[in-house]
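Colleague: One file: coords-v4.cif (mmCIF, C-alpha atoms).
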data_data
loop_
_atom_site.label_atom_id
_atom_site.label_comp_id
_atom_site.auth_asym_id
_atom_site.auth_seq_id
_atom_site.Cartn_x
_atom_site.Cartn_y
_atom_site.Cartn_z
CA MET A 26 81.88 -18.95 54.20
CA ILE A 27 81.03 -20.30 50.73
CA GLU A 28 78.86 -18.19 48.40
CA THR A 29 77.05 -19.67 45.39
CA LEU A 30 77.29 -17.55 42.25
CA THR A 31 75.10 -17.92 39.15
CA GLN A 32 75.65 -16.34 35.75
CA SER A 33 74.29 -16.73 32.23
CA ARG A 34 77.73 -17.04 30.60
CA ARG A 35 80.51 -19.51 31.15
CA THR A 36 83.46 -18.10 33.08
CA ALA A 37 86.64 -19.51 34.53
CA ASN A 38 86.04 -22.04 37.34
CA SER A 39 82.32 -22.51 36.65
CA ARG A 40 80.13 -25.39 35.49
CA TYR A 41 76.73 -25.65 33.82
CA ASP A 42 73.76 -26.72 35.95
CA PRO A 43 71.11 -28.34 33.69
CA VAL A 44 68.46 -28.03 36.40
CA LYS A 45 68.85 -24.30 37.02
CA LYS A 46 69.92 -23.73 33.38
CA CYS A 47 72.79 -21.46 34.27
CA TYR A 48 76.49 -21.56 35.11
CA ILE A 49 77.38 -21.99 38.78
CA SER A 50 80.56 -21.31 40.71
CA TYR A 51 81.41 -21.22 44.40
CA ARG A 52 83.37 -18.38 45.96
CA VAL A 53 85.06 -18.77 49.32
CA ASP A 54 85.40 -15.86 51.73
CA VAL A 55 87.76 -16.75 54.57
CA ARG A 56 90.42 -14.94 56.59
CA ALA A 57 93.58 -16.56 57.94
CA GLY A 58 96.80 -15.01 59.16
CA GLY A 59 95.63 -11.48 58.41
CA LYS A 60 94.89 -12.34 54.77
CA ARG A 61 91.52 -12.61 53.05
CA TYR A 62 90.85 -15.31 50.43
CA ARG A 63 88.03 -14.94 47.86
CA ASN A 64 88.83 -17.63 45.28
CA LYS A 65 86.26 -19.16 42.92
CA PHE A 66 85.78 -22.89 42.26
CA ALA A 67 83.62 -24.95 39.92
CA THR A 68 82.36 -27.32 42.66
CA LYS A 69 81.51 -26.94 46.32
CA ARG A 70 83.84 -29.83 47.21
CA GLU A 71 86.81 -27.93 45.74
CA ALA A 72 85.85 -24.82 47.71
CA GLU A 73 85.60 -26.75 50.98
CA SER A 74 88.92 -28.48 50.29
CA PHE A 75 90.58 -25.10 49.67
CA ILE A 76 89.30 -23.73 53.00
CA GLU A 77 90.69 -26.76 54.81
CA ARG A 78 94.09 -26.29 53.13
CA VAL A 79 94.16 -22.62 54.11
CA LYS A 80 93.37 -23.42 57.71
CA ALA A 81 95.96 -26.21 57.80
CA LYS A 82 98.54 -23.89 56.26
CA HIS A 83 97.79 -21.24 58.86
CA ARG A 84 98.19 -23.76 61.70
CA GLU A 85 101.55 -24.88 60.30
CA GLU A 86 102.76 -21.28 60.00
CA ARG A 87 101.82 -20.57 63.60
CA ALA A 88 103.77 -23.64 64.67
CA GLY A 89 106.75 -22.74 62.48
CA LEU A 90 106.36 -25.89 60.37
CA SER A 91 105.41 -24.34 57.01
CA PRO A 92 107.69 -25.81 54.29
CA ARG A 93 108.93 -23.74 51.32
CA SER A 94 107.43 -24.69 47.97
CA ASP A 95 109.79 -26.09 45.34
CA THR A 96 107.31 -25.60 42.46
CA ARG A 97 109.10 -24.40 39.34
CA CYS A 98 107.83 -21.87 36.80
CA THR A 99 107.70 -24.52 34.08
CA GLU A 100 105.25 -26.53 36.22
CA LEU A 101 103.08 -23.47 36.82
CA PHE A 102 103.09 -22.49 33.14
CA ALA A 103 102.17 -26.02 32.04
CA LYS A 104 99.31 -26.14 34.56
CA HIS A 105 97.98 -22.74 33.52
CA CYS A 106 98.31 -23.51 29.80
CA ALA A 107 96.10 -26.57 30.25
CA HIS A 108 93.34 -24.34 31.68
CA ILE A 109 93.33 -21.86 28.75
CA ARG A 110 90.44 -22.76 26.43
CA ASN A 111 91.03 -20.19 23.69
CA THR A 112 93.51 -21.61 21.17
CA LYS A 113 94.92 -18.23 20.17
CA GLU A 114 95.51 -17.21 23.80
CA ARG A 115 97.09 -20.59 24.57
CA ILE A 116 99.57 -20.24 21.69
CA ARG A 117 100.47 -16.72 22.80
CA PHE A 118 100.95 -17.82 26.41
CA ARG A 119 103.33 -20.59 25.34
CA ARG A 120 105.40 -18.11 23.38
CA VAL A 121 105.41 -15.45 26.13
CA SER A 122 106.23 -17.90 28.95
CA GLY A 123 109.05 -19.37 26.86
CA ASP A 124 110.47 -15.88 26.19
CA PHE A 125 110.18 -15.07 29.91
CA LEU A 126 112.28 -18.07 30.94
CA SER A 127 114.72 -17.46 28.09
CA ILE A 128 115.35 -13.88 29.22
CA ILE A 129 115.82 -14.93 32.85
CA GLY A 130 118.20 -17.68 31.77
CA TYR A 131 116.98 -20.47 34.08
CA ASP A 132 113.85 -22.09 35.53
CA PRO A 133 113.32 -20.40 38.93
CA ARG A 134 111.06 -21.52 41.73
CA VAL A 135 107.74 -19.68 41.67
CA ALA A 136 108.35 -18.47 45.22
CA ASP A 137 111.62 -16.83 44.05
CA VAL A 138 110.06 -14.84 41.19
CA THR A 139 110.60 -11.09 41.70
CA ARG A 140 109.49 -7.87 40.08
CA GLN A 141 112.99 -7.37 38.69
CA MET A 142 112.52 -10.40 36.45
CA PHE A 143 109.53 -8.78 34.79
CA LEU A 144 111.45 -5.52 34.41
CA SER A 145 114.14 -7.49 32.58
CA TYR A 146 111.45 -8.91 30.31
CA VAL A 147 110.14 -5.40 29.52
CA ALA A 148 113.68 -4.12 28.86
CA ASN A 149 114.27 -6.91 26.34
CA ARG A 150 111.07 -6.00 24.46
CA GLN A 151 111.95 -2.40 23.64
CA ASP A 152 111.48 -3.04 19.90
CA VAL A 153 107.81 -3.96 20.48
CA LYS A 154 104.91 -1.57 21.09
CA PRO A 155 104.18 -1.02 24.82
CA GLU A 156 100.56 -2.09 24.27
CA THR A 157 101.77 -5.48 22.99
CA VAL A 158 104.17 -5.90 25.92
CA ASN A 159 101.36 -5.13 28.38
CA ARG A 160 99.16 -7.80 26.80
CA GLU A 161 102.00 -10.28 27.25
CA LEU A 162 102.47 -9.23 30.89
CA THR A 163 98.75 -9.69 31.47
CA SER A 164 99.03 -13.22 30.12
CA LEU A 165 101.87 -13.98 32.56
CA SER A 166 100.05 -12.23 35.41
CA ALA A 167 97.06 -14.57 35.04
CA ALA A 168 99.32 -17.57 35.65
CA PHE A 169 101.03 -16.15 38.73
CA LYS A 170 97.77 -14.90 40.26
CA ARG A 171 96.37 -18.45 40.15
CA ALA A 172 99.56 -20.05 41.44
CA GLU A 173 98.17 -20.79 44.92
CA GLN A 174 95.01 -22.23 43.35
CA TYR A 175 97.03 -24.63 41.17
CA PHE A 176 99.55 -25.45 43.93
CA PRO A 177 98.24 -25.09 47.52
CA SER A 178 101.82 -25.07 48.87
CA LEU A 179 102.24 -21.63 47.23
CA ASP A 180 99.61 -20.14 49.51
CA GLY A 181 100.48 -16.50 50.21
CA PHE A 182 102.62 -16.05 47.08
CA ASN A 183 102.36 -12.54 45.64
CA VAL A 184 104.44 -10.60 43.14
CA LYS A 185 103.89 -7.12 41.69
CA ILE A 186 104.04 -7.16 37.91
CA PRO A 187 105.02 -3.82 36.29
CA ARG A 188 103.56 -2.33 33.13
CA ALA A 189 105.34 -1.02 30.05
CA LYS A 190 105.02 2.75 29.66
CA SER A 191 103.02 3.90 26.67
CA ARG A 192 104.88 5.98 24.10
CA LYS A 193 102.17 8.36 22.93
CA THR A 194 103.21 10.79 20.23
CA HIS A 195 101.99 14.33 19.62
CA GLN A 196 101.00 13.41 16.07
CA TYR A 197 98.25 11.20 17.49
CA LYS A 198 96.44 14.36 18.60
CA ARG A 199 96.08 15.75 15.07
CA VAL A 200 92.84 17.63 14.38
CA ILE A 201 90.80 16.76 11.28
CA THR A 202 89.27 19.76 9.51
CA GLU A 203 85.82 19.70 7.95
CA ALA A 204 87.30 19.75 4.44
CA GLU A 205 89.51 16.77 5.28
CA MET A 206 86.55 14.90 6.76
CA ILE A 207 84.50 15.41 3.61
CA ALA A 208 87.41 14.38 1.39
CA ILE A 209 88.00 11.19 3.41
CA CYS A 210 84.31 10.23 3.38
CA ASN A 211 84.14 10.73 -0.39
CA ALA A 212 87.28 8.64 -0.85
CA VAL A 213 85.82 5.86 1.32
CA ARG A 214 82.65 5.80 -0.78
CA THR A 215 84.37 5.84 -4.18
CA GLY A 216 87.57 3.94 -3.50
CA ARG A 217 86.44 0.52 -4.72
CA THR A 218 88.94 -1.49 -6.78
CA TRP A 219 88.05 -3.95 -9.54
CA LYS A 220 89.06 -6.98 -7.45
CA GLU A 221 87.40 -5.88 -4.19
CA HIS A 222 85.14 -8.34 -2.37
CA ALA A 223 81.41 -7.58 -2.42
CA GLN A 224 81.16 -7.42 1.39
CA ARG A 225 83.95 -4.86 1.55
CA THR A 226 82.22 -2.74 -1.08
CA GLU A 227 78.96 -2.99 0.89
CA ALA A 228 80.73 -1.72 4.02
CA ARG A 229 82.00 1.48 2.41
CA GLU A 230 78.82 3.57 2.63
CA PRO A 231 77.97 2.77 6.31
CA PHE A 232 81.63 3.25 7.28
CA ALA A 233 81.65 6.70 5.64
CA ARG A 234 78.56 7.54 7.72
CA MET A 235 80.33 6.27 10.85
CA PHE A 236 83.35 8.49 10.20
CA GLU A 237 81.23 11.62 9.60
CA PHE A 238 79.04 10.86 12.64
CA ALA A 239 82.11 10.40 14.88
CA TRP A 240 83.59 13.66 13.61
CA MET A 241 80.32 15.50 14.38
CA LEU A 242 79.82 14.12 17.92
CA GLY A 243 83.27 12.93 19.03
CA LEU A 244 82.30 9.30 19.71
CA ARG A 245 84.72 6.39 19.77
CA PHE A 246 84.69 3.74 17.04
CA GLY A 247 82.98 1.09 19.20
CA GLU A 248 80.42 3.59 20.48
CA VAL A 249 79.36 4.58 16.96
CA ARG A 250 79.28 1.05 15.59
CA SER A 251 76.89 -0.16 18.33
CA LEU A 252 74.39 2.71 17.88
CA THR A 253 70.97 2.21 16.31
CA ILE A 254 67.99 4.50 15.80
CA GLU A 255 66.41 2.95 18.91
CA ASP A 256 69.06 4.76 20.98
CA TYR A 257 67.58 8.08 19.84
CA GLN A 258 64.39 8.75 21.84
CA ASP A 259 62.54 12.05 22.46
CA GLY A 260 65.32 14.10 20.91
CA ILE A 261 68.05 12.56 23.09
CA LEU A 262 70.72 10.16 21.93
CA HIS A 263 71.77 7.65 24.61
CA VAL A 264 75.42 6.63 24.11
CA ARG A 265 76.83 3.72 26.09
CA ARG A 266 80.50 4.15 26.98
CA PRO A 267 82.17 0.69 26.84
CA LYS A 268 85.16 1.87 28.89
CA THR A 269 83.05 2.87 31.91
CA GLY A 270 79.64 1.28 31.25
CA ILE A 271 78.00 4.70 31.74
CA VAL A 272 75.22 5.89 29.43
CA THR A 273 75.70 9.51 28.30
CA PRO A 274 72.58 11.40 27.10
CA LEU A 275 73.31 13.76 24.20
CA ALA A 276 70.60 16.34 23.54
CA HIS A 277 70.20 18.83 20.68
CA ILE A 278 72.27 16.81 18.21
CA PRO A 279 72.24 18.27 14.66
CA PRO A 280 69.73 17.04 12.05
CA ARG A 281 72.54 15.69 9.88
CA ALA A 282 73.63 13.39 12.73
CA VAL A 283 70.05 12.12 13.12
CA GLU A 284 69.91 11.48 9.36
CA LEU A 285 73.13 9.44 9.50
CA LEU A 286 71.80 7.51 12.49
CA ARG A 287 68.59 6.62 10.65
CA GLU A 288 70.55 5.26 7.69
CA GLY A 289 72.51 3.03 10.08
CA PHE A 290 76.12 1.96 10.67
CA HIS A 291 75.90 -1.81 10.28
CA THR A 292 78.79 -3.25 8.24
CA PRO A 293 79.27 -6.92 7.26
CA THR A 294 83.07 -6.73 7.69
CA SER A 295 85.58 -6.81 10.55
CA ASP A 296 87.22 -3.85 12.29
CA HIS A 297 90.48 -4.73 10.54
CA THR A 298 88.86 -4.35 7.11
CA LEU A 299 87.37 -0.96 8.03
CA THR A 300 90.79 0.20 9.20
CA ALA A 301 92.26 -0.86 5.85
CA ILE A 302 89.53 1.09 4.00
CA LEU A 303 90.27 4.23 6.02
CA LYS A 304 94.00 3.85 5.42
CA GLU A 305 93.48 3.58 1.65
CA ALA A 306 91.13 6.58 1.66
CA CYS A 307 93.65 8.73 3.52
CA LYS A 308 96.36 7.74 1.08
CA SER A 309 94.19 8.65 -1.92
CA VAL A 310 93.54 12.20 -0.62
CA GLY A 311 97.12 12.77 0.51
CA ILE A 312 96.60 12.59 4.29
CA PRO A 313 99.13 10.49 6.28
CA TYR A 314 97.64 7.60 8.24
CA GLY A 315 98.84 6.17 11.56
CA ARG A 316 99.33 7.41 15.09
CA ASP A 317 103.14 7.14 14.84
CA THR A 318 103.29 8.94 11.46
CA THR A 319 104.12 12.63 11.29
CA GLY A 320 100.83 14.44 10.73
CA GLY A 321 99.02 11.11 10.57
CA ILE A 322 95.45 10.40 11.67
CA THR A 323 93.37 7.46 12.85
CA PHE A 324 89.63 7.05 13.42
CA HIS A 325 90.12 8.22 17.02
CA ASN A 326 91.28 11.64 15.79
CA THR A 327 87.63 12.43 15.10
CA ARG A 328 87.23 12.59 18.89
CA HIS A 329 90.13 15.05 19.21
CA SER A 330 88.63 17.15 16.41
CA PHE A 331 85.18 17.33 18.01
CA THR A 332 86.56 18.25 21.45
CA THR A 333 88.78 20.97 19.96
CA ARG A 334 85.82 22.56 18.17
CA LEU A 335 83.63 22.17 21.27
CA ILE A 336 86.08 23.89 23.61
CA ALA A 337 86.17 26.90 21.29
CA VAL A 338 82.46 27.61 21.83
CA THR A 339 81.68 26.45 25.39
CA ASP A 340 83.09 25.84 28.87
CA LEU A 341 84.82 22.71 30.20
CA ALA A 342 81.80 21.48 32.19
CA THR A 343 79.51 21.57 29.15
CA ALA A 344 82.18 20.02 26.94
CA ARG A 345 82.64 17.18 29.42
CA SER A 346 78.90 16.43 29.35
CA PHE A 347 79.20 15.77 25.61
CA THR A 348 82.49 13.87 25.55
CA GLY A 349 81.66 11.66 28.54
CA HIS A 350 84.99 12.27 30.32
CA SER A 351 84.98 11.97 34.11
CA ASP A 352 87.80 14.51 34.49
CA SER A 353 88.06 18.00 32.99
CA GLN A 354 91.80 17.43 32.51
CA MET A 355 90.99 14.75 29.92
CA VAL A 356 88.85 17.27 28.03
CA ALA A 357 91.84 19.61 27.96
CA TYR A 358 94.03 16.73 26.76
CA TYR A 359 91.70 16.12 23.81
CA SER A 360 91.50 19.80 22.78
CA HIS A 361 94.28 21.43 20.72
CA ALA A 362 95.19 24.81 19.30
CA THR A 363 94.61 25.32 15.59
CA ALA A 364 95.39 28.11 13.14
CA GLU A 365 91.72 29.13 13.16
CA SER A 366 91.53 29.25 16.96
CA GLN A 367 94.71 31.36 17.15
CA ARG A 368 93.36 33.80 14.54
CA ALA A 369 90.01 34.06 16.36
CA ALA A 370 91.79 34.67 19.68
CA MET A 371 93.91 37.54 18.30
CA GLU A 372 90.94 39.15 16.55
CA ALA A 373 88.87 38.87 19.72
CA LEU A 374 91.70 40.41 21.74
CA TYR A 375 92.74 43.25 19.41
CA GLY A 376 89.68 43.48 17.17
CA GLY A 377 89.07 42.69 13.54
CA ASP A 378 86.71 44.44 11.16
CA ASP A 379 84.16 46.40 13.18
CA LEU A 380 80.45 46.24 12.41
CA ARG A 381 80.44 49.55 10.51
CA LYS A 382 83.12 48.35 8.12
CA ILE A 383 81.23 45.09 7.61
CA TYR A 384 78.06 47.01 6.80
CA ASP A 385 79.85 49.26 4.31
CA LYS A 386 81.50 46.29 2.57
CA ILE A 387 78.17 44.49 2.23
CA ARG A 388 76.51 47.54 0.67
CA ALA A 389 79.40 47.95 -1.74
CA ASN A 390 79.29 44.21 -2.65
CA GLU A 391 82.90 43.85 -1.47
CA MET A 392 82.25 40.96 0.93
CA ASP A 393 81.06 37.44 0.10
CA PHE A 394 78.64 35.44 2.23
CA GLU A 395 81.26 33.07 3.71
CA THR A 396 83.35 35.99 5.00
CA PHE A 397 80.21 37.56 6.45
CA LYS A 398 79.35 34.33 8.34
CA ARG A 399 82.88 34.08 9.75
CA LEU A 400 82.85 37.67 10.99
CA CYS A 401 79.38 37.20 12.52
CA LYS A 402 80.78 34.41 14.69
CA LEU A 403 83.46 36.76 16.01
CA HIS A 404 80.95 39.46 16.92
#
Starting from the file, lay out its structure as structure tokens.
Modeller:
Amino acid sequence: MIETLTQSRRTANSRYDPVKKCYISYRVDVRAGGKRYRNKFATKREAESFIERVKAKHREERAGLSPRSDTRCTELFAKHCAHIRNTKERIRFRRVSGDFLSIIGYDPRVADVTRQMFLSYVANRQDVKPETVNRELTSLSAAFKRAEQYFPSLDGFNVKIPRAKSRKTHQYKRVITEAEMIAICNAVRTGRTWKEHAQRTEAREPFARMFEFAWMLGLRFGEVRSLTIEDYQDGILHVRRPKTGIVTPLAHIPPRAVELLREGFHTPTSDHTLTAILKEACKSVGIPYGRDTTGGITFHNTRHSFTTRLIAVTDLATARSFTGHSDSQMVAYYSHATAESQRAAMEALYGGDDLRKIYDKIRANEMDFETFKRLCKLH
């Protein structure tokens, strides 16, 4: 069976139809030898030709006549490289594929490629961040997954590609206090240098609002940056989660958050520039920056800070409704013990100043307002 697919954007193996004014591709859906094929092609002729090759291959296998492919990795890499349109991705693929063959030490047949070869590649990249290694493996994986499409004789080829394990550090979970948040926002606003570009200066105020807003509601960087006042309707803020595509409704958000949302978060600079501004601001107030730095923070630590404060005043189910996590275990992962939470726990367990003592201290003018507010929260 051949299914016609239409989409508004150009994707791999698709072509533009000027009559229908959209991009069209053809997906085959055929079973042979206990295997299901659902490849996509730019033209219907290519799809029909692929089905014929699959059927012919299956007939040869049943008769015991199926030859072994002699296609080499260099041929596959060259074919795949020619299909990569993005210049940056093409340059990276050339480098990664060259490193892959260099680590193996020879040019193997595609049919002989094993998982152990990729493990050797990962082992030789120990000095690189796991996230970078995984991006490189994804680049290689794209080539091997399309091997049978580039070379029909490789029909049935399949190899499991491992992933590099992430090395997450405990410092990445650091909680940002309210005083630190205020200090960082002030440093972002006032940290302009004499040679700074006008666009970077213009981005400081909205970025400070983004940081405070994220600290108040625990949203990710991309979630905050895409928000506008139109997302706030009838007292409910609708947050779209890019990771899952789910829209999370947040009700009863504080007036300060609504004020920040009305002022807007649009910045004329790139994410890299905003990261540099935050790094400079942290340095100016004496807070380490970086997930791999002892006691360091990143923008994402605002999410850890919000979840930690949220867990202290509500249950896991309610907290999850605000953070957008699908699993309560992830809420627990984002919440951390602090000196304040430990003090509150001990006072709640063994008691602090009772109400009579508080009353007597207030009458005698021995207690300030901030201390009174703190004790009210405990009682």
Colleague: Return the single residue from A:Arg134, A:Arg35, A:Lys304, A:Arg316 that is closest to A:Leu179, with distances computed using all atoms listed in the file.
Modeller: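 Comparing A:Arg134, A:Arg35, A:Lys304, A:Arg316 against A:Leu179, the winner is A:Arg134.
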Colleague: Between A:Val135, A:Gly349, A:Arg110, A:Glu237, which residue has the minimum interatomic distance to A:Ile271, considering all atoms listed in the file?
Modeller: A:Gly349
Colleague: Would you kindly translate the PyMOL selection byres ((chain A and resi 40) around 10) into the concrete residues it picks from this file, as a list in words?
Modeller: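 For this structure, the PyMOL selection byres ((chain A and resi 40) around 10) captures Thr31, Arg34, Arg35, Thr36, Ala37, Asn38, Ser39, Tyr41, Asp42, Pro43, Cys47, Tyr48, Ile49, Ser50, Tyr51, Phe66, Ala67 and Thr68 of chain A.
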Colleague: Write a file of the selected residues as a PDB file, in the frame of the given file, keeping C-alpha atoms.
Modeller:
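Saved file selection03.pdb follows:
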ATOM      1  CA  THR A  31      75.100 -17.920  39.150  1.00  0.00           C
ATOM      2  CA  ARG A  34      77.730 -17.040  30.600  1.00  0.00           C
ATOM      3  CA  ARG A  35      80.510 -19.510  31.150  1.00  0.00           C
ATOM      4  CA  THR A  36      83.460 -18.100  33.080  1.00  0.00           C
ATOM      5  CA  ALA A  37      86.640 -19.510  34.530  1.00  0.00           C
ATOM      6  CA  ASN A  38      86.040 -22.040  37.340  1.00  0.00           C
ATOM      7  CA  SER A  39      82.320 -22.510  36.650  1.00  0.00           C
ATOM      8  CA  TYR A  41      76.730 -25.650  33.820  1.00  0.00           C
ATOM      9  CA  ASP A  42      73.760 -26.720  35.950  1.00  0.00           C
ATOM     10  CA  PRO A  43      71.110 -28.340  33.690  1.00  0.00           C
ATOM     11  CA  CYS A  47      72.790 -21.460  34.270  1.00  0.00           C
ATOM     12  CA  TYR A  48      76.490 -21.560  35.110  1.00  0.00           C
ATOM     13  CA  ILE A  49      77.380 -21.990  38.780  1.00  0.00           C
ATOM     14  CA  SER A  50      80.560 -21.310  40.710  1.00  0.00           C
ATOM     15  CA  TYR A  51      81.410 -21.220  44.400  1.00  0.00           C
ATOM     16  CA  PHE A  66      85.780 -22.890  42.260  1.00  0.00           C
ATOM     17  CA  ALA A  67      83.620 -24.950  39.920  1.00  0.00           C
ATOM     18  CA  THR A  68      82.360 -27.320  42.660  1.00  0.00           C
TER      19      THR A  68
END
Colleague: Pull the neighbourhood of (96.6, -17.8, 60.8) for me: all residues within 6 Å in file coordinates, counting only C-alpha atoms, as a PDB file with C-alpha atoms, in the frame of the given file.
Modeller:
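Saved the output as point_34.pdb:
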ATOM      1  CA  ALA A  57      93.580 -16.560  57.940  1.00  0.00           C
ATOM      2  CA  GLY A  58      96.800 -15.010  59.160  1.00  0.00           C
ATOM      3  CA  HIS A  83      97.790 -21.240  58.860  1.00  0.00           C
TER       4      HIS A  83
END
Colleague: Tell me, as a PyMOL selection string, which residues lie within 9 Å of stretch 137-143 of chain A, counting all atoms listed in the file; anything in the same chain fewer than 3 positions away does not count.
Modeller: chain A and resi 98+125+128-129+133-134+146-148+162+184-188
Colleague: Please determine, counting all atoms listed in the file, which residue among A:Tyr175, A:Phe331, A:Phe236, A:Tyr358 has the shortest atom-to-atom distance to A:Cys106.
Modeller: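 The shortest atom-to-atom distance to A:Cys106 comes from A:Tyr175.
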Colleague: Considering only C-alpha atoms, return as a list in words whatever protein or nucleic-acid residues lie within 10 Å of A:Phe246, sequence-local ones (same chain, fewer than 6 positions apart) excluded.
Modeller: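 Counting only the stated atoms, we get Met235, Phe236, Ala239, Asp296, Phe324, His325, Thr327 and Arg328 of chain A.
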Colleague: Go ahead and find all residues with at least one atom no further than 8 Å from (85.3, 8.2, 30.5) in the file's coordinates, using all atoms listed in the file; report them as a PyMOL selection string.
Modeller: chain A and resi 266+268-269+349-352
Colleague: Starting from the PyMOL selection byres ((chain A and resi 158) around 10), expand the selection into actual residues of this file and give them as a PyMOL selection string.
Modeller: chain A and resi 121+146-147+150-157+159-164+188-191
Colleague: Could you list the residues chosen by the PyMOL selection byres ((chain A and resi 202) around 10) in this structure as an MDAnalysis selection string?
Modeller: chainID A and resid 199:201 203:208 240 327 330:331 334 363
Colleague: Complete the atoms of stretch 28-43 of chain A to N, CA, C and O atoms and put them out as a PDB file, in the coordinates of the input.
Modeller:
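Okay, this is what ended up in rebuild-v9.pdb:
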ATOM      1  N   GLU A  28      79.963 -18.863  49.074  1.00  0.00           N
ATOM      2  CA  GLU A  28      78.860 -18.190  48.400  1.00  0.00           C
ATOM      3  C   GLU A  28      78.638 -18.811  47.024  1.00  0.00           C
ATOM      4  O   GLU A  28      79.592 -19.037  46.277  1.00  0.00           O
ATOM      5  N   THR A  29      77.387 -19.106  46.696  1.00  0.00           N
ATOM      6  CA  THR A  29      77.050 -19.670  45.390  1.00  0.00           C
ATOM      7  C   THR A  29      76.759 -18.558  44.408  1.00  0.00           C
ATOM      8  O   THR A  29      75.907 -17.700  44.663  1.00  0.00           O
ATOM      9  N   LEU A  30      77.454 -18.572  43.272  1.00  0.00           N
ATOM     10  CA  LEU A  30      77.290 -17.550  42.250  1.00  0.00           C
ATOM     11  C   LEU A  30      76.661 -18.168  41.000  1.00  0.00           C
ATOM     12  O   LEU A  30      77.017 -19.272  40.600  1.00  0.00           O
ATOM     13  N   THR A  31      75.729 -17.455  40.394  1.00  0.00           N
ATOM     14  CA  THR A  31      75.100 -17.920  39.150  1.00  0.00           C
ATOM     15  C   THR A  31      75.267 -16.852  38.082  1.00  0.00           C
ATOM     16  O   THR A  31      75.178 -15.650  38.378  1.00  0.00           O
ATOM     17  N   GLN A  32      75.520 -17.274  36.865  1.00  0.00           N
ATOM     18  CA  GLN A  32      75.650 -16.340  35.750  1.00  0.00           C
ATOM     19  C   GLN A  32      75.178 -17.024  34.470  1.00  0.00           C
ATOM     20  O   GLN A  32      75.124 -18.245  34.380  1.00  0.00           O
ATOM     21  N   SER A  33      74.823 -16.204  33.487  1.00  0.00           N
ATOM     22  CA  SER A  33      74.290 -16.730  32.230  1.00  0.00           C
ATOM     23  C   SER A  33      75.393 -17.186  31.284  1.00  0.00           C
ATOM     24  O   SER A  33      75.149 -17.986  30.393  1.00  0.00           O
ATOM     25  N   ARG A  34      76.620 -16.682  31.465  1.00  0.00           N
ATOM     26  CA  ARG A  34      77.730 -17.040  30.600  1.00  0.00           C
ATOM     27  C   ARG A  34      78.729 -17.922  31.338  1.00  0.00           C
ATOM     28  O   ARG A  34      78.847 -17.868  32.563  1.00  0.00           O
ATOM     29  N   ARG A  35      79.476 -18.679  30.567  1.00  0.00           N
ATOM     30  CA  ARG A  35      80.510 -19.510  31.150  1.00  0.00           C
ATOM     31  C   ARG A  35      81.738 -18.665  31.460  1.00  0.00           C
ATOM     32  O   ARG A  35      82.206 -17.897  30.623  1.00  0.00           O
ATOM     33  N   THR A  36      82.256 -18.798  32.659  1.00  0.00           N
ATOM     34  CA  THR A  36      83.460 -18.100  33.080  1.00  0.00           C
ATOM     35  C   THR A  36      84.453 -19.111  33.623  1.00  0.00           C
ATOM     36  O   THR A  36      84.147 -20.308  33.736  1.00  0.00           O
ATOM     37  N   ALA A  37      85.643 -18.622  33.963  1.00  0.00           N
ATOM     38  CA  ALA A  37      86.640 -19.510  34.530  1.00  0.00           C
ATOM     39  C   ALA A  37      86.144 -20.080  35.859  1.00  0.00           C
ATOM     40  O   ALA A  37      85.503 -19.380  36.653  1.00  0.00           O
ATOM     41  N   ASN A  38      86.416 -21.362  36.095  1.00  0.00           N
ATOM     42  CA  ASN A  38      86.040 -22.040  37.340  1.00  0.00           C
ATOM     43  C   ASN A  38      84.518 -22.029  37.553  1.00  0.00           C
ATOM     44  O   ASN A  38      84.029 -21.675  38.624  1.00  0.00           O
ATOM     45  N   SER A  39      83.771 -22.397  36.525  1.00  0.00           N
ATOM     46  CA  SER A  39      82.320 -22.510  36.650  1.00  0.00           C
ATOM     47  C   SER A  39      81.858 -23.753  35.870  1.00  0.00           C
ATOM     48  O   SER A  39      82.590 -24.272  35.023  1.00  0.00           O
ATOM     49  N   ARG A  40      80.676 -24.232  36.171  1.00  0.00           N
ATOM     50  CA  ARG A  40      80.130 -25.390  35.490  1.00  0.00           C
ATOM     51  C   ARG A  40      78.648 -25.161  35.226  1.00  0.00           C
ATOM     52  O   ARG A  40      77.983 -24.384  35.931  1.00  0.00           O
ATOM     53  N   TYR A  41      78.130 -25.834  34.203  1.00  0.00           N
ATOM     54  CA  TYR A  41      76.730 -25.650  33.820  1.00  0.00           C
ATOM     55  C   TYR A  41      75.826 -26.556  34.638  1.00  0.00           C
ATOM     56  O   TYR A  41      76.083 -27.751  34.782  1.00  0.00           O
ATOM     57  N   ASP A  42      74.756 -25.963  35.192  1.00  0.00           N
ATOM     58  CA  ASP A  42      73.760 -26.720  35.950  1.00  0.00           C
ATOM     59  C   ASP A  42      72.533 -26.901  35.062  1.00  0.00           C
ATOM     60  O   ASP A  42      71.804 -25.930  34.795  1.00  0.00           O
ATOM     61  N   PRO A  43      72.261 -28.123  34.590  1.00  0.00           N
ATOM     62  CA  PRO A  43      71.110 -28.340  33.690  1.00  0.00           C
ATOM     63  C   PRO A  43      69.766 -28.115  34.363  1.00  0.00           C
ATOM     64  O   PRO A  43      68.769 -27.870  33.681  1.00  0.00           O
TER      65      PRO A  43
END
